[in-house]
$ cat protein.cif   # mmCIF, C-alpha atoms and all ligand atoms
data_query
loop_
_atom_site.label_atom_id
_atom_site.label_comp_id
_atom_site.auth_asym_id
_atom_site.auth_seq_id
_atom_site.Cartn_x
_atom_site.Cartn_y
_atom_site.Cartn_z
CA MET A 1 6.38 9.30 18.40
CA ASN A 2 9.23 11.82 18.54
CA LYS A 3 9.84 14.21 15.68
CA ALA A 4 12.76 12.37 14.11
CA ASN A 5 10.80 9.14 14.15
CA SER A 6 7.70 10.71 12.74
CA ASN A 7 9.69 12.29 9.90
CA HIS A 8 11.21 8.93 9.17
CA PHE A 9 7.79 7.32 9.25
CA LEU A 10 6.33 9.96 6.96
CA SER A 11 9.06 9.70 4.39
CA ARG A 12 8.91 5.93 4.43
CA ARG A 13 5.17 5.97 4.06
CA LYS A 14 5.47 8.45 1.19
CA ASN A 15 7.89 6.17 -0.62
CA ASN A 16 5.59 3.23 -0.18
CA VAL A 17 2.61 5.18 -1.39
CA THR A 18 4.52 6.41 -4.43
CA GLN A 19 5.53 2.85 -5.17
CA ALA A 20 1.90 1.83 -4.78
CA LEU A 21 0.79 4.48 -7.26
CA GLN A 22 3.47 3.41 -9.70
CA THR A 23 2.29 -0.18 -9.59
CA TYR A 24 -1.33 0.95 -9.82
CA MET A 25 -0.58 3.13 -12.85
CA LYS A 26 1.37 0.42 -14.63
CA ASP A 27 -1.55 -1.95 -14.19
CA LYS A 28 -4.11 0.55 -15.43
CA VAL A 29 -2.00 1.63 -18.40
CA GLU A 30 -1.92 -2.00 -19.54
CA LEU A 31 -5.69 -2.29 -19.26
CA ILE A 32 -6.29 1.03 -21.03
CA ASN A 33 -3.86 0.25 -23.86
CA GLN A 34 -5.35 -3.15 -24.44
CA GLN A 35 -8.91 -1.78 -24.57
CA LEU A 36 -7.97 1.09 -26.86
CA GLU A 37 -6.25 -1.24 -29.33
CA GLN A 38 -9.08 -3.74 -29.25
CA PHE A 39 -11.68 -1.08 -29.91
CA ILE A 40 -9.89 0.51 -32.86
CA TYR A 41 -8.97 -2.89 -34.35
CA ALA A 42 -12.57 -4.07 -34.29
CA MET A 43 -13.62 -1.15 -36.53
CA GLN A 44 -13.58 -1.18 -40.34
CA ILE A 45 -11.24 1.77 -40.89
CA PRO A 46 -9.24 2.45 -44.10
CA GLU A 47 -5.76 1.10 -43.48
CA ARG A 48 -3.75 4.31 -43.56
CA LEU A 49 -6.22 6.08 -41.29
CA GLN A 50 -6.26 3.16 -38.84
CA ASP A 51 -2.44 3.10 -38.81
CA SER A 52 -2.32 6.82 -38.17
CA ILE A 53 -4.85 6.58 -35.31
CA LEU A 54 -2.97 3.66 -33.74
CA TYR A 55 0.35 5.45 -34.25
CA SER A 56 -0.70 8.28 -31.94
CA LEU A 57 -2.53 6.04 -29.48
CA ARG A 58 0.54 3.82 -29.16
CA ALA A 59 3.04 6.64 -28.84
CA GLY A 60 3.30 6.25 -25.07
CA GLY A 61 1.12 8.91 -23.45
CA LYS A 62 1.02 8.93 -19.66
CA ARG A 63 -2.70 8.08 -19.65
CA ILE A 64 -3.23 10.35 -16.66
CA ARG A 65 -6.85 11.19 -17.54
CA PRO A 66 -8.12 7.59 -17.82
CA ILE A 67 -6.09 6.63 -14.75
CA LEU A 68 -7.67 9.49 -12.80
CA MET A 69 -11.09 8.30 -13.93
CA LEU A 70 -10.50 4.70 -12.86
CA ALA A 71 -9.08 5.86 -9.51
CA ALA A 72 -12.06 8.17 -8.88
CA SER A 73 -14.47 5.38 -9.76
CA GLU A 74 -12.69 2.96 -7.47
CA ALA A 75 -12.65 5.52 -4.65
CA TYR A 76 -16.46 5.24 -4.59
CA GLY A 77 -16.51 1.49 -5.00
CA GLY A 78 -16.84 1.33 -8.80
CA GLN A 79 -15.63 -1.49 -11.03
CA ASP A 80 -13.13 -0.92 -13.86
CA ASN A 81 -15.32 -2.79 -16.32
CA ARG A 82 -17.94 -0.03 -16.07
CA ALA A 83 -15.53 2.91 -16.23
CA ILE A 84 -13.08 1.59 -18.82
CA SER A 85 -15.02 2.49 -21.99
CA VAL A 86 -15.39 6.06 -20.70
CA ALA A 87 -11.73 6.15 -19.66
CA CYS A 88 -10.79 5.13 -23.23
CA ALA A 89 -13.13 7.81 -24.56
CA VAL A 90 -11.36 10.58 -22.69
CA GLU A 91 -7.96 9.34 -23.86
CA MET A 92 -9.22 9.32 -27.46
CA ILE A 93 -10.39 12.93 -27.13
CA HIS A 94 -7.08 13.89 -25.52
CA THR A 95 -5.04 12.19 -28.25
CA TYR A 96 -7.11 13.85 -30.99
CA SER A 97 -6.56 17.23 -29.30
CA LEU A 98 -2.80 16.69 -29.32
CA ILE A 99 -2.72 15.62 -33.00
CA HIS A 100 -4.55 18.82 -33.95
CA ASP A 101 -2.57 20.95 -31.45
CA ASP A 102 0.68 19.95 -33.18
CA LEU A 103 -0.51 20.84 -36.70
CA PRO A 104 1.28 23.64 -38.59
CA ALA A 105 -1.81 25.85 -38.25
CA MET A 106 -1.63 25.49 -34.48
CA ASP A 107 1.60 24.92 -32.50
CA ASP A 108 3.50 23.53 -35.48
CA ASP A 109 5.50 20.99 -33.49
CA ASP A 110 7.53 18.15 -34.99
CA THR A 111 7.78 15.76 -32.06
CA ARG A 112 5.27 14.39 -29.61
CA ARG A 113 5.66 11.59 -27.10
CA GLY A 114 9.25 11.20 -28.34
CA GLN A 115 8.28 10.51 -31.93
CA PRO A 116 7.47 12.51 -35.05
CA THR A 117 4.08 14.19 -34.70
CA ASN A 118 1.24 12.55 -36.59
CA HIS A 119 1.32 14.99 -39.52
CA ARG A 120 5.10 14.53 -39.77
CA GLN A 121 4.82 10.76 -39.81
CA TYR A 122 1.84 10.71 -42.19
CA ASP A 123 0.63 13.98 -43.71
CA GLU A 124 -1.54 16.89 -42.63
CA ALA A 125 -4.77 15.62 -44.16
CA THR A 126 -4.36 12.17 -42.57
CA ALA A 127 -3.55 13.77 -39.21
CA ILE A 128 -6.68 15.91 -39.37
CA LEU A 129 -8.78 12.84 -40.19
CA ALA A 130 -7.12 10.73 -37.48
CA GLY A 131 -8.15 13.47 -35.01
CA ASP A 132 -11.69 13.54 -36.40
CA GLY A 133 -11.85 9.75 -36.15
CA LEU A 134 -10.69 9.70 -32.52
CA LEU A 135 -13.09 12.47 -31.54
CA THR A 136 -16.13 10.67 -32.91
CA THR A 137 -15.04 7.20 -31.77
CA ALA A 138 -14.83 8.51 -28.20
CA PHE A 139 -18.61 8.88 -28.07
CA TYR A 140 -19.09 5.50 -29.76
CA SER A 141 -16.92 3.95 -27.04
CA ILE A 142 -19.12 5.31 -24.23
CA THR A 143 -22.30 3.99 -25.82
CA ASN A 144 -20.73 0.59 -26.50
CA ASN A 145 -20.61 -0.62 -22.89
CA GLU A 146 -23.47 -2.84 -21.79
CA ARG A 147 -22.51 -2.43 -18.13
CA LEU A 148 -23.63 1.21 -18.21
CA THR A 149 -27.34 2.03 -18.21
CA ASP A 150 -28.82 4.17 -20.98
CA SER A 151 -29.30 7.11 -18.66
CA GLU A 152 -25.70 6.83 -17.42
CA LYS A 153 -24.51 6.83 -21.04
CA ALA A 154 -26.63 9.89 -21.85
CA TYR A 155 -25.19 11.78 -18.88
CA LEU A 156 -21.60 10.81 -19.75
CA VAL A 157 -21.96 11.65 -23.45
CA LYS A 158 -23.42 15.04 -22.57
CA GLU A 159 -20.74 15.84 -20.01
CA LEU A 160 -17.89 14.74 -22.29
CA ALA A 161 -19.33 16.79 -25.17
CA LYS A 162 -19.49 19.86 -22.91
CA ALA A 163 -16.02 19.35 -21.46
CA SER A 164 -14.32 18.79 -24.81
CA GLY A 165 -16.35 21.11 -27.04
CA PRO A 166 -16.43 24.83 -27.85
CA GLU A 167 -17.30 25.77 -24.26
CA GLY A 168 -14.58 23.51 -22.89
CA MET A 169 -11.26 22.26 -24.28
CA VAL A 170 -11.86 23.67 -27.78
CA ALA A 171 -12.63 27.07 -26.23
CA GLY A 172 -9.35 26.85 -24.35
CA GLN A 173 -7.44 26.14 -27.55
CA MET A 174 -9.08 29.14 -29.26
CA LEU A 175 -8.34 31.50 -26.36
CA ASP A 176 -4.81 30.12 -26.17
CA MET A 177 -4.22 31.02 -29.81
CA GLU A 178 -5.80 34.45 -29.41
CA GLY A 179 -3.52 35.03 -26.45
CA GLU A 180 -0.38 34.60 -28.56
CA ASN A 181 1.82 37.65 -28.96
CA ARG A 182 0.27 39.53 -26.07
CA THR A 183 0.73 39.51 -22.32
CA LEU A 184 -2.24 38.08 -20.46
CA THR A 185 -3.20 38.76 -16.86
CA LEU A 186 -3.00 35.85 -14.44
CA GLU A 187 -6.82 35.72 -14.45
CA GLU A 188 -6.92 35.47 -18.25
CA LEU A 189 -4.26 32.80 -18.22
CA GLU A 190 -6.17 30.77 -15.65
CA ALA A 191 -9.39 31.11 -17.63
CA ILE A 192 -7.60 29.61 -20.64
CA HIS A 193 -6.06 26.77 -18.67
CA ARG A 194 -9.29 25.87 -16.93
CA ARG A 195 -10.72 25.12 -20.37
CA LYS A 196 -7.70 23.99 -22.36
CA THR A 197 -6.39 21.49 -19.82
CA GLY A 198 -8.73 21.62 -16.86
CA GLU A 199 -11.95 20.54 -18.50
CA LEU A 200 -10.81 17.05 -19.54
CA LEU A 201 -9.24 16.41 -16.16
CA ARG A 202 -12.40 17.68 -14.45
CA PHE A 203 -14.53 15.41 -16.61
CA SER A 204 -12.25 12.44 -15.87
CA ALA A 205 -12.53 12.78 -12.11
CA VAL A 206 -16.24 13.62 -12.04
CA ALA A 207 -17.20 10.88 -14.52
CA GLY A 208 -15.19 8.34 -12.52
CA ALA A 209 -16.86 9.35 -9.27
CA PHE A 210 -20.28 9.29 -10.98
CA ILE A 211 -19.72 5.78 -12.35
CA GLY A 212 -18.50 4.68 -8.93
CA GLY A 213 -21.74 5.88 -7.37
CA ALA A 214 -20.82 9.19 -5.70
CA ASN A 215 -23.72 11.39 -4.61
CA ALA A 216 -24.31 14.98 -5.80
CA GLN A 217 -22.43 16.53 -2.88
CA GLN A 218 -19.45 14.23 -3.37
CA LEU A 219 -19.42 14.97 -7.11
CA GLU A 220 -19.14 18.67 -6.34
CA GLU A 221 -16.23 18.13 -4.00
CA ILE A 222 -14.41 15.91 -6.47
CA GLU A 223 -14.98 18.57 -9.09
CA THR A 224 -13.18 21.20 -6.98
CA TYR A 225 -10.29 18.80 -6.42
CA ALA A 226 -10.07 18.16 -10.16
CA ASN A 227 -10.18 21.87 -11.02
CA TYR A 228 -7.06 22.47 -8.94
CA LEU A 229 -5.49 19.38 -10.46
CA GLY A 230 -6.06 20.91 -13.91
CA LEU A 231 -4.31 24.16 -13.01
CA LEU A 232 -1.51 22.22 -11.39
CA PHE A 233 -1.13 20.08 -14.48
CA GLN A 234 -0.83 23.06 -16.82
CA ILE A 235 1.63 24.96 -14.59
CA GLN A 236 3.88 21.92 -14.66
CA ASP A 237 3.41 21.63 -18.43
CA ASP A 238 4.53 25.27 -18.77
CA ILE A 239 7.46 24.75 -16.37
CA LEU A 240 8.58 21.67 -18.29
CA ASP A 241 8.45 23.69 -21.50
CA VAL A 242 11.15 25.89 -19.91
CA ILE A 243 13.27 23.56 -17.80
CA GLY A 244 12.20 20.12 -19.00
CA ASP A 245 14.44 17.58 -20.62
CA GLU A 246 13.35 16.95 -24.20
CA GLN A 247 14.38 13.29 -23.85
CA HIS A 248 11.86 12.84 -21.06
CA ILE A 249 8.98 15.07 -22.09
CA GLY A 250 9.12 13.79 -25.67
CA LYS A 251 8.15 17.16 -27.16
CA PRO A 252 10.21 20.25 -27.94
CA VAL A 253 11.32 22.42 -25.05
CA GLY A 254 10.77 26.14 -25.69
CA SER A 255 7.72 25.72 -27.95
CA ASP A 256 5.74 28.23 -25.84
CA GLN A 257 8.41 30.90 -26.21
CA THR A 258 8.67 30.30 -29.95
CA ASN A 259 4.90 30.73 -30.25
CA GLN A 260 4.92 33.73 -27.88
CA LYS A 261 2.47 32.11 -25.49
CA SER A 262 1.66 33.55 -22.12
CA THR A 263 2.62 30.93 -19.56
CA TYR A 264 2.96 30.80 -15.79
CA PRO A 265 6.77 31.05 -15.84
CA GLN A 266 6.56 33.93 -18.28
CA LEU A 267 4.06 35.85 -16.11
CA LEU A 268 5.34 34.96 -12.65
CA GLY A 269 8.95 34.02 -13.30
CA LEU A 270 10.12 30.46 -12.78
CA GLN A 271 10.25 30.81 -8.99
CA GLY A 272 6.79 32.39 -8.93
CA ALA A 273 5.41 29.56 -11.06
CA LEU A 274 6.91 26.97 -8.71
CA GLU A 275 5.29 28.72 -5.73
CA GLN A 276 1.94 28.93 -7.50
CA LYS A 277 2.21 25.21 -8.17
CA GLU A 278 2.68 24.47 -4.47
CA HIS A 279 -0.33 26.64 -3.70
CA TYR A 280 -2.56 24.69 -6.10
CA ALA A 281 -1.23 21.36 -4.83
CA LEU A 282 -2.23 22.35 -1.30
CA LYS A 283 -5.67 23.50 -2.48
CA ALA A 284 -6.18 20.20 -4.31
CA LYS A 285 -5.26 18.26 -1.16
CA GLN A 286 -7.64 20.31 0.97
CA SER A 287 -10.50 19.77 -1.49
CA LEU A 288 -9.85 16.05 -1.54
CA GLN A 289 -10.02 15.91 2.25
CA LYS A 290 -13.44 17.54 2.05
CA ALA A 291 -14.56 14.98 -0.52
CA GLY A 292 -14.26 12.47 2.29
CA VAL A 293 -12.93 9.57 0.23
CA ASP A 294 -10.27 7.39 1.64
CA SER A 295 -8.24 7.10 -1.53
CA SER A 296 -4.51 7.42 -1.35
CA TYR A 297 -4.36 7.12 -5.13
CA LEU A 298 -6.33 10.32 -5.66
CA GLU A 299 -4.00 12.06 -3.22
CA ASP A 300 -0.86 10.57 -4.76
CA ILE A 301 -2.01 11.75 -8.18
CA ILE A 302 -1.68 15.35 -6.90
CA ASP A 303 1.99 14.80 -6.09
CA TYR A 304 2.54 12.86 -9.28
CA ILE A 305 1.13 15.66 -11.45
CA SER A 306 2.98 18.30 -9.51
CA ASN A 307 6.37 16.62 -9.68
CA ARG A 308 6.19 14.84 -13.02
CA TYR A 309 9.21 15.33 -15.23
CA LYS A 310 7.45 14.16 -18.40
C1 LIG A 401 -0.14 17.35 -22.74
O1 LIG A 401 -0.85 16.39 -22.04
C2 LIG A 401 -1.03 18.43 -23.23
C3 LIG A 401 -1.67 19.24 -22.20
C4 LIG A 401 -2.95 19.20 -22.05
C5 LIG A 401 -0.91 20.17 -21.42
P1 LIG A 401 -0.12 15.16 -21.37
O2 LIG A 401 1.11 15.66 -20.66
O3 LIG A 401 -1.10 14.39 -20.56
O4 LIG A 401 0.34 14.32 -22.63
P2 LIG A 401 0.59 12.75 -22.81
O5 LIG A 401 -0.75 12.15 -23.06
O6 LIG A 401 1.23 12.19 -21.59
O7 LIG A 401 1.47 12.69 -24.03
C1 LIG A 402 -2.38 21.58 -25.53
O1 LIG A 402 -1.68 22.51 -24.80
C2 LIG A 402 -3.71 21.40 -24.90
C3 LIG A 402 -4.60 20.62 -25.75
C4 LIG A 402 -4.21 19.89 -26.74
C5 LIG A 402 -6.00 20.69 -25.43
P1 LIG A 402 -0.16 22.71 -25.18
O2 LIG A 402 0.00 23.19 -26.58
O3 LIG A 402 0.51 23.47 -24.10
O4 LIG A 402 0.31 21.19 -25.10
P2 LIG A 402 1.75 20.66 -25.49
O5 LIG A 402 2.72 21.44 -24.64
O6 LIG A 402 1.89 20.90 -26.96
O7 LIG A 402 1.67 19.21 -25.11
MG MG A 403 -1.12 24.41 -27.88
MG MG A 404 1.25 22.36 -28.12
MG MG A 405 2.57 23.06 -23.33
#
$ encode --input "protein.cif" --output "structure tokens"
Amino acid sequence: MNKANSNHFLSRRKNNVTQALQTYMKDKVELINQQLEQFIYAMQIPERLQDSILYSLRAGGKRIRPILMLAASEAYGGQDNRAISVACAVEMIHTYSLIHDDLPAMDDDDTRRGQPTNHRQYDEATAILAGDGLLTTAFYSITNNERLTDSEKAYLVKELAKASGPEGMVAGQMLDMEGENRTLTLEELEAIHRRKTGELLRFSAVAGAFIGGANAQQLEEIETYANYLGLLFQIQDDILDVIGDEQHIGKPVGSDQTNQKSTYPQLLGLQGALEQKEHYALKAKQSLQKAGVDSSYLEDIIDYISNRYK
């Protein structure tokens, strides 16, 4: 094949693959939304609290963590009906973390996913309790799936607790707050992002691969892939906070500057942040190749996260 032809072939293939990922994501979002609703509806929750929980769950998140989990599971031959309760669990934890992240005591933001933040729509106390409710229900969701064995459930509960707790995502949120009003080194910034954003993405990919039946070696390789994905995700989040379109991202642009956060664009400049992003995207692709799975979805997710505009 000559060069012109091969370029044409590559770009056509890329478009097809992107289209395939779009269709895949749309499908999975439907499944995830339906399961989340069903689970929360089946519980006896005081009405205002249930409304507030459903309000944030329905606000139109991208669902990238549960999608990553289902794709990683599938890459090793897993079935959605085994992974779905864990995929819902990670989305519940993520949604709780956003409700609390937006509170006046934290980032004090008024919009999220294009709508008033939970405490703006309801009130602070209800928002705190909606977060508490989602956090605890996540673990209930994992244990409530008869297609997982007891030892699988124990492993998944333990790993999700570690990833989301005070050594994981909660640690990241604490370090992020402590980093306000001072300039961090790139190493410090990365250490925050690995926890704040990286841990839930890492859990999603590793849990999916585990449920799908990956062996220990494969789990390690998927973990490296997911760690780069986490850094990539946060760089793009920081970039969108500078150059994003509020209409698309559904949350205020410039929140990081208002809160004097260290971010990639602030440390490296916008151009430097864009270059760092390319570097991590390449690293993620190389790690995925080593993981030896033939999954175009896991590869497409790298490009999706890197180029997302919302
Ligand atoms: C935003 O996460 C918060 C970060 C961890 C950077 P997402 O960009 O995945 O938010 P939603 O779920 O799509 O709203
Ligand atoms: C939030 O990070 C991360 C978690 C909630 C764990 P950010 O504060 O950067 O997220 P956005 O920009 O408000 O979505
Ligand atoms: Mg924050
Ligand atoms: Mg925030
Ligand atoms: Mg942000």
$ atom_distance --input "protein.cif" --atom1 "CA of Val206 (chain A)" --atom2 "CA of Tyr309 (chain A)"
25.7 Å
$ residues_around --input "protein.cif" --residues "Thr224 (chain A)" --least-positions-apart "2" --cutoff "12 Å" --atoms "all atoms listed in the file" --output "ChimeraX atom specification"
/A:194,198-199,201-203,205-206,217-222,226-231,280,283-291
$ closest_residue --input "protein.cif" --among "A:Glu146, A:Asp27, A:Glu246, A:Asp241" --to "ligand LIG 402 (chain A)" --atoms "all atoms listed in the file"
A:Asp241
$ residues_near_ligand --input "protein.cif" --ligand "ligand MG 404 (chain A)" --cutoff "12 Å" --atoms "all atoms listed in the file" --output "ChimeraX atom specification"
/A:95,97-113,117,173,176-177,196-197,234,237-238,241,250-261
$ write_last_selection --input "protein.cif" --atoms "C-alpha atoms" --output "compact mmCIF listing (two decimals), in the frame of the given file"
# COMPACT_ATOMS: atom_id res chain seq x y z
CA THR A 95 -5.04 12.19 -28.25
CA SER A 97 -6.56 17.23 -29.30
CA LEU A 98 -2.80 16.69 -29.32
CA ILE A 99 -2.72 15.62 -33.00
CA HIS A 100 -4.55 18.82 -33.95
CA ASP A 101 -2.57 20.95 -31.45
CA ASP A 102 0.68 19.95 -33.18
CA LEU A 103 -0.51 20.84 -36.70
CA PRO A 104 1.28 23.64 -38.59
CA ALA A 105 -1.81 25.85 -38.25
CA MET A 106 -1.63 25.49 -34.48
CA ASP A 107 1.60 24.92 -32.50
CA ASP A 108 3.50 23.53 -35.48
CA ASP A 109 5.50 20.99 -33.49
CA ASP A 110 7.53 18.15 -34.99
CA THR A 111 7.78 15.76 -32.06
CA ARG A 112 5.27 14.39 -29.61
CA ARG A 113 5.66 11.59 -27.10
CA THR A 117 4.08 14.19 -34.70
CA GLN A 173 -7.44 26.14 -27.55
CA ASP A 176 -4.81 30.12 -26.17
CA MET A 177 -4.22 31.02 -29.81
CA LYS A 196 -7.70 23.99 -22.36
CA THR A 197 -6.39 21.49 -19.82
CA GLN A 234 -0.83 23.06 -16.82
CA ASP A 237 3.41 21.63 -18.43
CA ASP A 238 4.53 25.27 -18.77
CA ASP A 241 8.45 23.69 -21.50
CA GLY A 250 9.12 13.79 -25.67
CA LYS A 251 8.15 17.16 -27.16
CA PRO A 252 10.21 20.25 -27.94
CA VAL A 253 11.32 22.42 -25.05
CA GLY A 254 10.77 26.14 -25.69
CA SER A 255 7.72 25.72 -27.95
CA ASP A 256 5.74 28.23 -25.84
CA GLN A 257 8.41 30.90 -26.21
CA THR A 258 8.67 30.30 -29.95
CA ASN A 259 4.90 30.73 -30.25
CA GLN A 260 4.92 33.73 -27.88
CA LYS A 261 2.47 32.11 -25.49
$ closest_residue --input "protein.cif" --among "A:Tyr140, A:Tyr264, A:Tyr122, A:Tyr225" --to "ligand LIG 402 (chain A)" --atoms "all atoms listed in the file"
A:Tyr264
$ residues_around --input "protein.cif" --residues "region 51-55 of chain A" --least-positions-apart "5" --cutoff "10 Å" --atoms "all atoms listed in the file" --output "ChimeraX atom specification"
/A:36-37,40-41,45-46,60,92,95-96,99,115,117-119,121-123,126-127,129-134
$ residues_around --input "protein.cif" --residues "region 151-153 of chain A" --least-positions-apart "5" --cutoff "9 Å" --atoms "all atoms listed in the file" --output "PyMOL selection string"
chain A and resi 142-143+145+158+210-211
$ atom_distance --input "protein.cif" --atom1 "CA of His193 (chain A)" --atom2 "CA of Met174 (chain A)"
11.3 Å
$ atom_distance --input "protein.cif" --atom1 "CA of His248 (chain A)" --atom2 "CA of Ile235 (chain A)"
17.1 Å
$ closest_residue --input "protein.cif" --among "A:Asn33, A:Ser164, A:Gln22, A:Ser141" --to "ligand LIG 402 (chain A)" --atoms "only C-alpha atoms and all ligand atoms"
A:Ser164
$ decode --input "protein.cif" --residues "region 47-55 of chain A" --atoms "all heavy atoms" --output "compact mmCIF listing (two decimals), in the first residue's frame"
# COMPACT_ATOMS: atom_id res chain seq x y z
N GLU A 47 -38.22 10.42 50.78
CA GLU A 47 -38.47 10.94 49.44
C GLU A 47 -37.49 12.02 48.98
O GLU A 47 -36.94 11.96 47.88
CB GLU A 47 -39.91 11.47 49.36
CG GLU A 47 -40.34 11.70 47.92
CD GLU A 47 -41.78 12.21 47.84
OE1 GLU A 47 -42.55 12.00 48.80
OE2 GLU A 47 -42.11 12.83 46.81
N ARG A 48 -37.25 13.00 49.84
CA ARG A 48 -36.38 14.11 49.43
C ARG A 48 -34.94 13.64 49.19
O ARG A 48 -34.26 14.10 48.28
CB ARG A 48 -36.42 15.21 50.51
CG ARG A 48 -35.64 16.45 50.13
CD ARG A 48 -35.85 17.55 51.18
NE ARG A 48 -34.93 18.66 51.00
CZ ARG A 48 -35.10 19.64 50.12
NH1 ARG A 48 -36.16 19.66 49.35
NH2 ARG A 48 -34.21 20.62 50.00
N LEU A 49 -34.52 12.70 50.01
CA LEU A 49 -33.16 12.15 49.85
C LEU A 49 -33.07 11.34 48.56
O LEU A 49 -32.11 11.45 47.79
CB LEU A 49 -32.82 11.28 51.08
CG LEU A 49 -31.42 10.66 51.11
CD1 LEU A 49 -30.34 11.73 51.04
CD2 LEU A 49 -31.24 9.83 52.38
N GLN A 50 -34.10 10.54 48.30
CA GLN A 50 -34.12 9.73 47.06
C GLN A 50 -34.12 10.65 45.83
O GLN A 50 -33.39 10.41 44.87
CB GLN A 50 -35.34 8.81 47.05
CG GLN A 50 -35.28 7.78 45.92
CD GLN A 50 -36.38 6.73 46.06
OE1 GLN A 50 -37.55 7.08 46.27
NE2 GLN A 50 -36.01 5.48 45.98
N ASP A 51 -34.94 11.71 45.90
CA ASP A 51 -34.99 12.66 44.78
C ASP A 51 -33.61 13.28 44.55
O ASP A 51 -33.16 13.44 43.41
CB ASP A 51 -35.96 13.81 45.08
CG ASP A 51 -37.40 13.37 44.98
OD1 ASP A 51 -37.65 12.23 44.53
OD2 ASP A 51 -38.29 14.16 45.37
N SER A 52 -32.97 13.64 45.64
CA SER A 52 -31.68 14.31 45.54
C SER A 52 -30.61 13.37 44.98
O SER A 52 -29.77 13.76 44.15
CB SER A 52 -31.32 14.88 46.92
OG SER A 52 -29.96 14.95 47.11
N ILE A 53 -30.66 12.11 45.39
CA ILE A 53 -29.72 11.11 44.85
C ILE A 53 -29.97 10.92 43.35
O ILE A 53 -29.05 10.96 42.54
CB ILE A 53 -29.87 9.76 45.61
CG1 ILE A 53 -29.29 9.88 47.02
CG2 ILE A 53 -29.21 8.61 44.85
CD1 ILE A 53 -29.52 8.67 47.91
N LEU A 54 -31.26 10.74 43.01
CA LEU A 54 -31.59 10.52 41.59
C LEU A 54 -31.29 11.76 40.75
O LEU A 54 -30.86 11.65 39.59
CB LEU A 54 -33.07 10.12 41.44
CG LEU A 54 -33.38 8.69 41.88
CD1 LEU A 54 -34.90 8.46 41.92
CD2 LEU A 54 -32.72 7.65 40.95
N TYR A 55 -31.45 12.93 41.33
CA TYR A 55 -31.16 14.18 40.63
C TYR A 55 -29.72 14.17 40.12
O TYR A 55 -29.46 14.46 38.94
CB TYR A 55 -31.39 15.36 41.58
CG TYR A 55 -30.97 16.70 41.02
CD1 TYR A 55 -31.78 17.37 40.11
CD2 TYR A 55 -29.77 17.29 41.41
CE1 TYR A 55 -31.41 18.61 39.59
CE2 TYR A 55 -29.39 18.53 40.90
CZ TYR A 55 -30.21 19.18 39.99
OH TYR A 55 -29.83 20.39 39.48
